[in-house]
$ cat entry22.cif   # mmCIF, C-alpha atoms
data_query
#
loop_
_atom_site.label_atom_id
_atom_site.label_comp_id
_atom_site.auth_asym_id
_atom_site.auth_seq_id
_atom_site.Cartn_x
_atom_site.Cartn_y
_atom_site.Cartn_z
CA MET A 1493 -22.41 21.58 174.49
CA ASP A 1494 -23.99 24.79 173.27
CA ARG A 1495 -27.45 24.94 171.75
CA ALA A 1496 -26.18 25.75 168.26
CA THR A 1497 -24.10 22.57 168.13
CA GLU A 1498 -26.95 20.49 169.45
CA ASP A 1499 -29.29 21.96 166.84
CA THR A 1500 -26.81 21.13 164.11
CA LEU A 1501 -26.47 17.57 165.33
CA ARG A 1502 -30.23 17.14 165.48
CA ARG A 1503 -30.57 18.48 161.98
CA TYR A 1504 -28.03 16.18 160.40
CA ALA A 1505 -27.94 13.04 162.49
CA LEU A 1506 -30.14 10.45 160.89
CA SER A 1507 -30.62 8.07 163.74
CA ARG A 1508 -30.56 8.22 167.47
CA ARG A 1509 -27.41 6.10 167.50
CA GLN A 1510 -25.71 8.48 165.08
CA PHE A 1511 -26.87 11.43 167.11
CA LEU A 1512 -25.49 10.01 170.32
CA ARG A 1513 -22.19 9.12 168.69
CA ALA A 1514 -21.76 12.55 167.12
CA THR A 1515 -22.77 14.16 170.38
CA ALA A 1516 -20.05 12.31 172.21
CA VAL A 1517 -17.44 13.29 169.67
CA ALA A 1518 -18.52 16.92 169.62
CA ALA A 1519 -18.56 17.09 173.39
CA GLY A 1520 -15.07 15.63 173.50
CA LEU A 1521 -13.79 18.16 171.02
CA THR A 1522 -15.43 21.09 172.67
CA ALA A 1523 -14.16 20.11 176.07
CA ALA A 1524 -10.54 19.48 175.36
CA TYR A 1525 -9.60 19.70 171.68
CA ALA A 1526 -7.65 16.62 172.55
CA PRO A 1527 -6.78 14.78 169.37
CA ALA A 1528 -7.13 11.53 171.27
CA HIS A 1529 -10.86 12.18 171.67
CA ALA A 1530 -11.28 12.76 167.99
CA ALA A 1531 -8.52 10.72 166.51
CA GLY A 1532 -10.47 10.24 163.35
CA LEU A 1533 -11.03 13.88 162.62
CA GLY A 1534 -8.41 15.36 160.36
CA LEU A 1535 -9.35 18.87 161.32
CA SER A 1536 -8.60 18.22 164.94
CA THR A 1537 -5.27 16.48 164.50
CA ALA A 1538 -2.17 18.15 165.79
CA ALA A 1539 -1.26 19.21 162.27
CA ALA A 1540 -4.42 21.23 161.88
CA GLN A 1541 -4.40 22.64 165.40
CA GLU A 1542 -0.85 23.90 165.59
CA ALA A 1543 -0.21 27.58 165.45
CA GLY A 1544 1.61 29.11 162.53
CA ASP A 1545 0.92 29.17 158.85
CA VAL A 1546 1.25 25.40 158.36
CA GLY A 1547 -1.35 24.71 161.01
CA ILE A 1548 -3.71 27.28 159.54
CA LEU A 1549 -3.26 25.90 156.05
CA ASN A 1550 -3.87 22.37 157.28
CA PHE A 1551 -7.05 23.46 158.99
CA ALA A 1552 -8.22 25.03 155.76
CA LEU A 1553 -7.16 21.91 153.85
CA GLY A 1554 -9.29 19.75 156.12
CA LEU A 1555 -12.30 21.89 155.26
CA GLU A 1556 -11.52 21.86 151.56
CA HIS A 1557 -11.29 18.04 151.58
CA LEU A 1558 -14.75 18.00 153.16
CA GLU A 1559 -16.21 20.39 150.64
CA ARG A 1560 -14.70 18.64 147.65
CA ARG A 1561 -16.05 15.30 148.82
CA LEU A 1562 -19.47 16.80 149.50
CA TYR A 1563 -19.76 18.22 146.00
CA GLU A 1564 -18.60 14.90 144.56
CA GLU A 1565 -21.38 13.15 146.44
CA VAL A 1566 -23.95 15.73 145.43
CA ALA A 1567 -22.99 15.51 141.76
CA ALA A 1568 -23.01 11.70 141.83
CA ALA A 1569 -26.23 11.29 143.77
CA GLY A 1570 -28.49 12.38 140.95
CA VAL A 1571 -30.07 15.00 143.19
CA PHE A 1572 -29.55 17.92 140.87
CA GLY A 1573 -30.11 18.47 137.23
CA GLY A 1574 -29.55 21.34 134.81
CA GLN A 1575 -28.09 24.51 136.26
CA ALA A 1576 -27.79 23.21 139.82
CA LEU A 1577 -25.78 20.19 138.67
CA ARG A 1578 -23.52 22.34 136.52
CA ILE A 1579 -22.88 24.65 139.46
CA ALA A 1580 -22.22 21.76 141.84
CA ARG A 1581 -19.65 20.31 139.44
CA GLU A 1582 -18.07 23.73 138.93
CA PHE A 1583 -17.82 24.43 142.64
CA GLY A 1584 -16.52 20.93 143.31
CA ALA A 1585 -13.78 21.36 140.73
CA GLN A 1586 -12.80 24.63 142.37
CA GLU A 1587 -12.65 23.00 145.79
CA ALA A 1588 -10.30 20.45 144.24
CA GLU A 1589 -8.08 23.30 143.05
CA HIS A 1590 -8.11 24.70 146.57
CA VAL A 1591 -7.02 21.30 147.90
CA ASP A 1592 -4.14 21.24 145.44
CA ALA A 1593 -3.07 24.80 146.23
CA LEU A 1594 -3.16 24.33 149.98
CA THR A 1595 -1.40 20.98 149.78
CA GLY A 1596 1.34 22.55 147.67
CA ALA A 1597 1.71 25.48 150.05
CA ILE A 1598 2.00 23.21 153.08
CA GLU A 1599 4.60 21.03 151.42
CA ALA A 1600 6.54 24.11 150.30
CA LEU A 1601 6.73 25.14 153.95
CA GLY A 1602 8.00 21.69 154.89
CA GLY A 1603 4.76 20.63 156.52
CA GLU A 1604 2.69 17.44 156.24
CA PRO A 1605 -0.72 18.01 154.60
CA VAL A 1606 -3.64 16.46 156.45
CA GLY A 1607 -5.28 13.62 154.59
CA VAL A 1608 -8.83 13.01 153.57
CA ASP A 1609 -11.25 12.01 156.30
CA ARG A 1610 -14.21 9.67 156.23
CA TYR A 1611 -17.36 11.67 156.11
CA ASN A 1612 -20.76 11.29 157.60
CA PHE A 1613 -22.96 13.19 155.22
CA PRO A 1614 -26.61 12.76 156.09
CA GLU A 1615 -29.13 11.11 153.89
CA LEU A 1616 -31.35 13.91 152.76
CA ASN A 1617 -34.81 13.74 151.35
CA SER A 1618 -34.93 16.49 148.77
CA GLU A 1619 -32.96 18.85 146.60
CA GLU A 1620 -33.91 21.60 149.02
CA GLU A 1621 -32.33 19.77 151.94
CA VAL A 1622 -29.15 19.19 149.99
CA LEU A 1623 -28.97 22.87 149.11
CA SER A 1624 -29.52 23.77 152.73
CA LEU A 1625 -26.59 21.53 153.68
CA LEU A 1626 -24.41 23.15 151.03
CA VAL A 1627 -25.30 26.60 152.34
CA ASP A 1628 -24.30 25.60 155.86
CA VAL A 1629 -21.00 24.05 154.79
CA GLU A 1630 -20.02 26.90 152.47
CA GLU A 1631 -20.84 29.52 155.09
CA VAL A 1632 -18.69 27.73 157.65
CA GLY A 1633 -15.84 27.54 155.16
CA THR A 1634 -16.09 31.22 154.32
CA ALA A 1635 -16.21 32.20 157.98
CA ALA A 1636 -13.26 29.94 158.75
CA TYR A 1637 -10.95 31.67 156.30
CA LEU A 1638 -12.03 35.05 157.64
CA GLY A 1639 -11.34 33.83 161.14
CA VAL A 1640 -7.74 32.94 160.43
CA ALA A 1641 -6.79 35.74 158.03
CA THR A 1642 -5.24 37.99 160.68
CA ARG A 1643 -3.10 35.12 162.00
CA ILE A 1644 -1.35 34.32 158.74
CA ARG A 1645 2.25 35.56 158.69
CA ASP A 1646 3.45 34.92 155.17
CA PRO A 1647 2.17 37.57 152.71
CA GLU A 1648 1.87 35.17 149.79
CA ILE A 1649 -0.10 32.72 151.90
CA LEU A 1650 -2.32 35.53 153.12
CA THR A 1651 -3.06 36.56 149.54
CA THR A 1652 -3.85 32.97 148.56
CA ALA A 1653 -6.09 32.54 151.59
CA ILE A 1654 -7.98 35.75 150.82
CA ARG A 1655 -8.44 34.69 147.20
CA ILE A 1656 -9.83 31.31 148.26
CA HIS A 1657 -11.94 32.98 150.95
CA ASN A 1658 -13.61 35.21 148.35
CA VAL A 1659 -14.40 32.21 146.16
CA GLU A 1660 -15.95 30.42 149.12
CA ALA A 1661 -18.09 33.55 149.48
CA TYR A 1662 -19.07 33.23 145.81
CA HIS A 1663 -20.02 29.59 146.48
CA ALA A 1664 -22.02 30.46 149.57
CA THR A 1665 -23.85 33.13 147.62
CA GLY A 1666 -24.52 30.79 144.73
CA VAL A 1667 -26.00 27.97 146.78
CA ARG A 1668 -28.05 30.47 148.75
CA LEU A 1669 -29.61 31.78 145.58
CA LEU A 1670 -30.25 28.26 144.31
CA ALA A 1671 -31.89 27.49 147.65
CA GLY A 1672 -34.08 30.58 147.37
CA GLU A 1673 -32.44 32.17 150.40
CA LYS A 1674 -31.36 35.76 150.91
CA ALA A 1675 -27.86 36.37 149.64
CA LEU A 1676 -26.77 39.89 150.64
CA GLU A 1677 -27.96 40.19 154.20
CA ASN A 1678 -24.65 41.30 155.68
CA ALA A 1679 -22.44 44.18 154.65
CA LEU A 1680 -19.45 42.54 156.30
CA GLY A 1681 -18.41 38.92 156.46
CA GLN A 1682 -18.62 37.21 159.84
CA PRO A 1683 -15.58 35.24 161.00
CA LYS A 1684 -15.51 32.03 163.02
CA ASP A 1685 -12.51 30.91 165.01
CA ARG A 1686 -11.21 27.36 164.77
CA SER A 1687 -13.17 26.12 167.76
CA GLU A 1688 -16.42 27.43 166.31
CA VAL A 1689 -15.65 25.85 162.96
CA LEU A 1690 -14.89 22.51 164.59
CA ARG A 1691 -18.16 22.57 166.44
CA ALA A 1692 -20.04 23.31 163.23
CA VAL A 1693 -18.48 20.56 161.10
CA THR A 1694 -18.09 17.77 163.65
CA PRO A 1695 -21.33 16.04 162.58
CA PHE A 1696 -19.85 15.43 159.15
CA PHE A 1697 -16.78 13.48 160.22
CA LEU A 1698 -16.36 9.82 160.98
CA GLU A 1699 -13.11 8.26 162.06
CA ARG A 1700 -10.13 9.07 159.89
CA ALA A 1701 -8.98 6.78 157.15
CA PRO A 1702 -5.25 6.06 156.72
CA ASN A 1703 -3.47 9.01 155.17
CA THR A 1704 -3.88 8.69 151.43
CA GLY A 1705 -1.71 11.69 150.65
CA GLY A 1706 -4.72 13.89 150.17
CA GLY A 1707 -5.65 12.36 146.84
CA ALA A 1708 -8.15 9.53 146.77
CA SER A 1709 -11.30 9.46 148.83
CA ALA A 1710 -11.31 7.37 151.98
CA GLY A 1711 -12.36 3.76 151.80
CA GLY A 1712 -15.63 2.27 152.90
CA ALA A 1713 -18.96 1.76 151.21
CA ARG A 1714 -20.20 4.76 149.30
CA ARG A 1715 -23.49 6.02 150.63
CA SER A 1716 -25.83 8.10 148.58
CA LEU A 1717 -26.45 11.57 149.84
CA LEU A 1718 -30.09 11.23 148.91
CA ALA A 1719 -32.40 8.78 150.64
CA PRO A 1720 -33.08 5.79 148.35
CA LYS A 1721 -36.71 6.54 147.54
CA HIS A 1722 -35.81 10.07 146.40
CA ARG A 1723 -32.91 9.25 144.11
CA ARG A 1724 -33.42 9.96 140.45
CA VAL A 1725 -33.24 6.89 138.24
CA MET B 633 -0.10 56.50 144.15
CA LEU B 634 -3.28 57.68 145.77
CA ALA B 635 -2.53 61.19 144.56
CA LEU B 636 -4.91 60.86 141.65
CA VAL B 637 -7.73 59.87 143.95
CA ASN B 638 -7.08 62.64 146.42
CA VAL B 639 -6.57 65.34 143.80
CA ALA B 640 -9.75 64.32 142.00
CA LEU B 641 -11.55 64.58 145.29
CA GLY B 642 -10.07 68.01 145.90
CA GLY B 643 -7.54 66.59 148.29
CA THR B 644 -4.83 68.31 150.23
CA ALA B 645 -1.13 68.68 149.66
CA ARG B 646 -0.78 65.12 150.91
CA GLY B 647 -2.10 64.12 147.53
CA ALA B 648 0.97 65.56 145.84
CA VAL B 649 3.25 63.83 148.30
CA LEU B 650 1.58 60.49 147.68
CA ARG B 651 2.24 60.62 143.94
CA ASP B 652 5.65 59.01 144.28
CA VAL B 653 4.88 56.78 147.23
CA SER B 654 5.51 53.08 146.79
CA PRO B 655 2.76 50.66 147.87
CA GLN B 656 4.75 49.65 150.93
CA GLU B 657 4.76 53.24 152.11
CA LEU B 658 0.99 53.48 152.05
CA THR B 659 -0.49 53.70 155.50
CA ASP B 660 -3.50 51.76 156.72
CA ALA B 661 -5.46 55.00 156.50
CA ASP B 662 -4.42 55.44 152.87
CA LEU B 663 -5.54 51.92 152.01
CA LEU B 664 -8.82 52.14 153.90
CA ASN B 665 -9.45 55.56 152.35
CA SER B 666 -8.97 54.09 148.90
CA ALA B 667 -11.46 51.37 149.82
CA LEU B 668 -13.85 54.06 151.00
CA VAL B 669 -13.67 55.75 147.60
CA LEU B 670 -14.59 52.40 146.01
CA GLU B 671 -17.54 52.08 148.37
CA PHE B 672 -18.74 55.58 147.45
CA ILE B 673 -18.49 54.65 143.78
CA GLY B 674 -20.47 51.47 144.41
CA ILE B 675 -23.20 53.28 146.33
CA ALA B 676 -23.49 56.02 143.74
CA PHE B 677 -23.69 53.56 140.90
CA GLY B 678 -26.32 51.51 142.68
CA GLU B 679 -28.44 54.58 143.22
CA GLU B 680 -28.03 55.70 139.63
CA ALA B 681 -28.86 52.23 138.34
CA LEU B 682 -32.01 52.05 140.46
CA GLY B 683 -32.95 55.52 139.30
CA THR B 684 -32.93 54.55 135.62
CA GLY B 685 -35.91 52.26 136.11
CA LEU B 686 -34.25 49.81 133.74
CA LEU B 687 -33.40 47.12 136.26
CA GLY B 688 -35.65 44.11 136.22
CA ALA B 689 -37.65 43.04 139.24
CA GLY B 690 -35.13 40.30 139.95
CA ALA B 691 -32.22 42.72 140.15
CA VAL B 692 -33.75 45.60 142.09
CA PRO B 693 -33.68 43.99 145.56
CA TYR B 694 -30.01 43.10 145.21
CA PHE B 695 -29.03 46.58 144.09
CA ARG B 696 -30.91 48.00 147.06
CA SER B 697 -29.25 45.58 149.48
CA ALA B 698 -25.84 46.34 148.04
CA ALA B 699 -26.34 50.08 148.35
CA GLY B 700 -27.33 49.67 151.98
CA ASN B 701 -24.37 47.38 152.61
CA GLY B 702 -22.08 49.92 150.98
CA ALA B 703 -23.29 52.61 153.34
CA LEU B 704 -22.56 50.40 156.35
CA ARG B 705 -19.11 49.51 155.05
CA SER B 706 -18.39 53.19 154.41
CA GLU B 707 -19.19 54.00 158.01
CA ALA B 708 -16.99 51.19 159.24
CA LEU B 709 -14.10 52.29 157.05
CA ALA B 710 -14.39 55.94 158.08
CA ASP B 711 -14.50 54.92 161.74
CA ALA B 712 -11.43 52.76 161.30
CA ILE B 713 -9.54 55.61 159.65
CA ARG B 714 -10.46 58.00 162.43
CA THR B 715 -9.32 55.45 164.99
CA SER B 716 -6.02 54.57 163.37
CA SER B 717 -5.16 58.04 162.06
CA PRO B 718 -6.90 60.88 163.88
CA GLY B 719 -6.88 63.98 161.74
CA TYR B 720 -6.49 62.09 158.45
CA GLU B 721 -8.46 63.75 155.66
CA ILE B 722 -11.12 61.17 154.92
CA ALA B 723 -12.48 60.93 151.38
CA GLU B 724 -15.92 62.29 150.69
CA ARG B 725 -18.47 61.11 148.21
CA ARG B 726 -18.53 63.10 144.99
CA ARG B 727 -21.67 64.57 143.50
CA SER B 728 -21.27 62.68 140.26
CA TYR B 729 -19.22 59.96 138.65
CA ALA B 730 -18.74 58.96 135.03
CA PHE B 731 -20.23 55.49 134.82
CA GLY B 732 -20.54 55.29 131.07
CA ASP B 733 -23.42 53.51 129.42
CA THR B 734 -26.45 53.23 131.69
CA GLY B 735 -28.96 52.82 128.91
CA SER B 736 -29.97 49.21 129.44
CA GLU B 737 -30.18 46.58 132.15
CA ALA B 738 -27.39 44.66 130.46
CA ALA B 739 -25.12 47.71 130.53
CA LEU B 740 -25.99 48.36 134.17
CA LEU B 741 -25.30 44.77 135.17
CA GLY B 742 -22.03 44.77 133.25
CA THR B 743 -20.88 47.86 135.09
CA ALA B 744 -22.04 46.43 138.42
CA VAL B 745 -19.95 43.32 137.79
CA ARG B 746 -16.94 45.42 136.85
CA LEU B 747 -17.19 47.75 139.85
CA GLY B 748 -17.81 44.89 142.25
CA THR B 749 -14.83 43.01 140.94
CA ILE B 750 -12.57 46.06 141.16
CA ALA B 751 -13.60 46.66 144.75
CA GLU B 752 -13.27 43.05 145.83
CA SER B 753 -9.91 42.78 144.10
CA GLY B 754 -8.74 46.01 145.68
CA TYR B 755 -9.51 44.76 149.15
CA SER B 756 -7.61 41.56 148.38
CA GLY B 757 -4.68 43.49 146.99
CA SER B 758 -4.39 45.68 150.04
CA ALA B 759 -4.44 42.83 152.56
CA THR B 760 -0.69 42.26 152.69
CA LEU B 761 -0.02 46.01 152.96
CA ILE B 762 -2.28 46.66 155.95
CA THR B 763 -0.38 46.62 159.23
CA ALA B 764 -3.00 46.65 162.00
CA LYS B 765 -4.87 43.38 162.49
CA SER B 766 -8.13 45.17 163.16
CA ASN B 767 -7.85 46.97 159.85
CA LEU B 768 -6.99 43.75 158.05
CA ALA B 769 -10.00 42.06 159.61
CA LEU B 770 -12.20 44.92 158.42
CA ALA B 771 -10.74 44.89 154.90
CA ALA B 772 -11.18 41.12 154.58
CA SER B 773 -14.74 41.29 155.93
CA ALA B 774 -15.63 44.14 153.61
CA GLY B 775 -13.98 42.35 150.72
CA GLN B 776 -16.17 39.33 151.41
CA GLY B 777 -19.23 41.56 151.25
CA ARG B 778 -18.16 42.92 147.89
CA ALA B 779 -17.31 39.41 146.68
CA ARG B 780 -20.84 38.21 147.48
CA GLU B 781 -22.32 41.20 145.65
CA ALA B 782 -20.09 40.62 142.64
CA ALA B 783 -21.23 36.99 142.53
CA VAL B 784 -24.87 38.07 142.52
CA TYR B 785 -24.28 40.61 139.77
CA ARG B 786 -22.52 38.00 137.66
CA TYR B 787 -25.42 35.62 138.11
CA LEU B 788 -27.94 38.32 137.15
CA HIS B 789 -25.79 39.08 134.12
CA GLY B 790 -25.85 35.46 132.97
CA GLN B 791 -22.33 34.64 134.12
CA SER B 792 -20.91 32.10 136.52
CA PHE B 793 -21.06 32.83 140.23
CA ALA B 794 -17.42 31.83 140.45
CA PRO B 795 -15.49 32.27 137.19
CA ASP B 796 -12.29 30.93 138.72
CA ALA B 797 -11.07 28.98 141.75
CA PHE B 798 -9.12 32.00 142.95
CA SER B 799 -10.55 35.50 143.05
CA PRO B 800 -8.70 38.33 141.32
CA VAL B 801 -6.32 40.74 143.02
CA LEU B 802 -5.51 44.33 142.12
CA THR B 803 -2.64 46.33 143.53
CA PRO B 804 -3.41 49.83 144.78
CA ALA B 805 -1.93 51.24 141.57
CA GLU B 806 -4.12 48.99 139.45
CA VAL B 807 -7.19 50.05 141.40
CA GLU B 808 -6.29 53.68 140.83
CA GLN B 809 -5.93 53.05 137.11
CA ALA B 810 -9.24 51.19 136.96
CA ILE B 811 -11.29 53.91 138.63
CA ALA B 812 -9.59 56.93 137.09
CA PRO B 813 -12.12 57.17 134.23
CA ILE B 814 -14.99 57.00 136.71
CA LEU B 815 -13.51 59.86 138.68
CA GLY B 816 -12.99 61.84 135.51
CA GLY B 817 -9.28 61.36 135.46
#
$ encode --input "entry22.cif" --output "structure tokens"
Amino acid sequence: MDRATEDTLRRYALSRRQFLRATAVAAGLTAAYAPAHAAGLGLSTAAAQEAGDVGILNFALGLEHLERRLYEEVAAAGVFGGQALRIAREFGAQEAEHVDALTGAIEALGGEPVGVDRYNFPELNSEEEVLSLLVDVEEVGTAAYLGVATRIRDPEILTTAIRIHNVEAYHATGVRLLAGEKALENALGQPKDRSEVLRAVTPFFLERAPNTGGGASAGGARRSLLAPKHRRV
Amino acid sequence: MLALVNVALGGTARGAVLRDVSPQELTDADLLNSALVLEFIGIAFGEEALGTGLLGAGAVPYFRSAAGNGALRSEALADAIRTSSPGYEIAERRRSYAFGDTGSEAALLGTAVRLGTIAESGYSGSATLITAKSNLALAASAGQGRAREAAVYRYLHGQSFAPDAFSPVLTPAEVEQAIAPILGG
């Protein structure tokens, strides 16, 4: 496993047990991309790994499910107030529109949209840490779309993907500014291929829930994104 | 379609030929050249805006970053044109552009938003017309850069980072129409 993946796991794994588990999953993915090693990860299922526009759209859909769920958790956790909360809700609503658009496009092509996964968002101790997580996730999403753009065959799908990609760039920029980070460091966007994206997001996935058709969140107890002592009343 | 751009820039006879060209007949070099014109406009506006002294301290660093980014994108676009179409007459930056009202920070930010959106939308609108994957990758990457800048300008101007779930798209003809007043057309 490369250093970047290990650093990501260390940053987001809350316990040694979680770290070891995520490490094993990530190593399995990196080594073989075998769905059997990561049966719970929607992004790594055959649907999301296949070549062609349906596979690309499903990969993007897996990421959009993740982002939508993350913003839902952030908005519900009581971490943000004022402008940050408004922006989180706005971005979350837009991720939901992306989910709908990608799901519709996949179905129009006769494909099966990947469902929602169970997520392993870390318990974070401050608004700053939550923003940092949002920056990381949005940047991966933006880079992912850029990484697949040249592989898309259908012109309408390419246009849709580019339009979503630009909005992910807006989101990344927005959370960077909220986090007090630099926002215009690069003249050109930097792409990531699917393997790089998988490595980056693996820490956030638990085993996959039964396919719910892409609508409702996966089952299981709802954990707060923010550590108990730091939640707002 | 790009005839207006080329003629305004003192272009060659190719400009006249392009007048009746459909979007599908535009070459990668044509599309990247159009993007280059948009980058020159962005750089020039940024420099003019910074020169007014009217930008607040919060805005100045972003305008500077964007101008620098624009210069890098311009180089990349020009290189790509030379690679894909040796001998193609590459657009040059004009000495002046007609940016309209530059008399207040609000006016400057409004124009920055508009220009950034036109550029980002133009890159998006050209994506399906570009044939070489390397050129598409460049256009999408450059479009992302412009998208980030547009988001910052909107924020500085009191607007939402992301007004909509899907970014806007402009066809090459719509881009030409949008920038014609700036080029004096």
$ atom_distance --input "entry22.cif" --atom1 "CA of Phe798 in chain B" --atom2 "CA of Phe695 in chain B"
24.7 Å
$ resolve_selection --input "entry22.cif" --expression "the PyMOL selection byres ((chain B) within 6 of (chain A))" --output "PyMOL selection string"
chain B and resi 701+760+765+773-774+776-777+779-780+783+793-794+797-799
$ resolve_selection --input "entry22.cif" --expression "the PyMOL selection byres ((chain B and resi 728) around 10)" --output "MDAnalysis selection string"
chainID B and resid 673 676:677 680 725:727 729:731 814:816
$ write_last_selection --input "entry22.cif" --atoms "C-alpha atoms" --output "mmCIF file, keeping the file's coordinate frame"
data_model
loop_
_atom_site.group_PDB
_atom_site.id
_atom_site.type_symbol
_atom_site.label_atom_id
_atom_site.label_comp_id
_atom_site.auth_asym_id
_atom_site.auth_seq_id
_atom_site.Cartn_x
_atom_site.Cartn_y
_atom_site.Cartn_z
ATOM 1 C CA ILE B 673 -18.490 54.650 143.780
ATOM 2 C CA ALA B 676 -23.490 56.020 143.740
ATOM 3 C CA PHE B 677 -23.690 53.560 140.900
ATOM 4 C CA GLU B 680 -28.030 55.700 139.630
ATOM 5 C CA ARG B 725 -18.470 61.110 148.210
ATOM 6 C CA ARG B 726 -18.530 63.100 144.990
ATOM 7 C CA ARG B 727 -21.670 64.570 143.500
ATOM 8 C CA TYR B 729 -19.220 59.960 138.650
ATOM 9 C CA ALA B 730 -18.740 58.960 135.030
ATOM 10 C CA PHE B 731 -20.230 55.490 134.820
ATOM 11 C CA ILE B 814 -14.990 57.000 136.710
ATOM 12 C CA LEU B 815 -13.510 59.860 138.680
ATOM 13 C CA GLY B 816 -12.990 61.840 135.510
#
$ atom_distance --input "entry22.cif" --atom1 "CA of Leu658 in chain B" --atom2 "CA of Leu709 in chain B"
15.9 Å
$ residues_near_point --input "entry22.cif" --point "(-5.3, 16.0, 154.4)" --cutoff "6 Å" --atoms "only C-alpha atoms" --output "list of chain:residue names"
A:Gly1554, A:Pro1605, A:Val1606, A:Gly1607, A:Val1608, A:Gly1706
$ atom_distance --input "entry22.cif" --atom1 "CA of Phe1572 in chain A" --atom2 "CA of Gly1672 in chain A"
14.9 Å
$ resolve_selection --input "entry22.cif" --expression "the PyMOL selection byres ((chain B and resi 711) around 12)" --output "PyMOL selection string"
chain B and resi 661+664-665+668+704-710+712-720+722+766-767+770
$ closest_residue --input "entry22.cif" --among "B:Ile750, B:Leu761, B:Leu663, B:Val801" --to "Arg778 in chain B" --atoms "all atoms listed in the file"
B:Ile750
$ residues_around --input "entry22.cif" --residues "Gly735 in chain B" --least-positions-apart "4" --cutoff "10 Å" --atoms "all atoms listed in the file" --output "ChimeraX atom specification"
/B:681,684,686,739-740
$ closest_residue --input "entry22.cif" --among "A:Glu1604, A:Gly1547, A:Leu1690, A:Pro1695" --to "Gly1633 in chain A" --atoms "only C-alpha atoms"
A:Leu1690
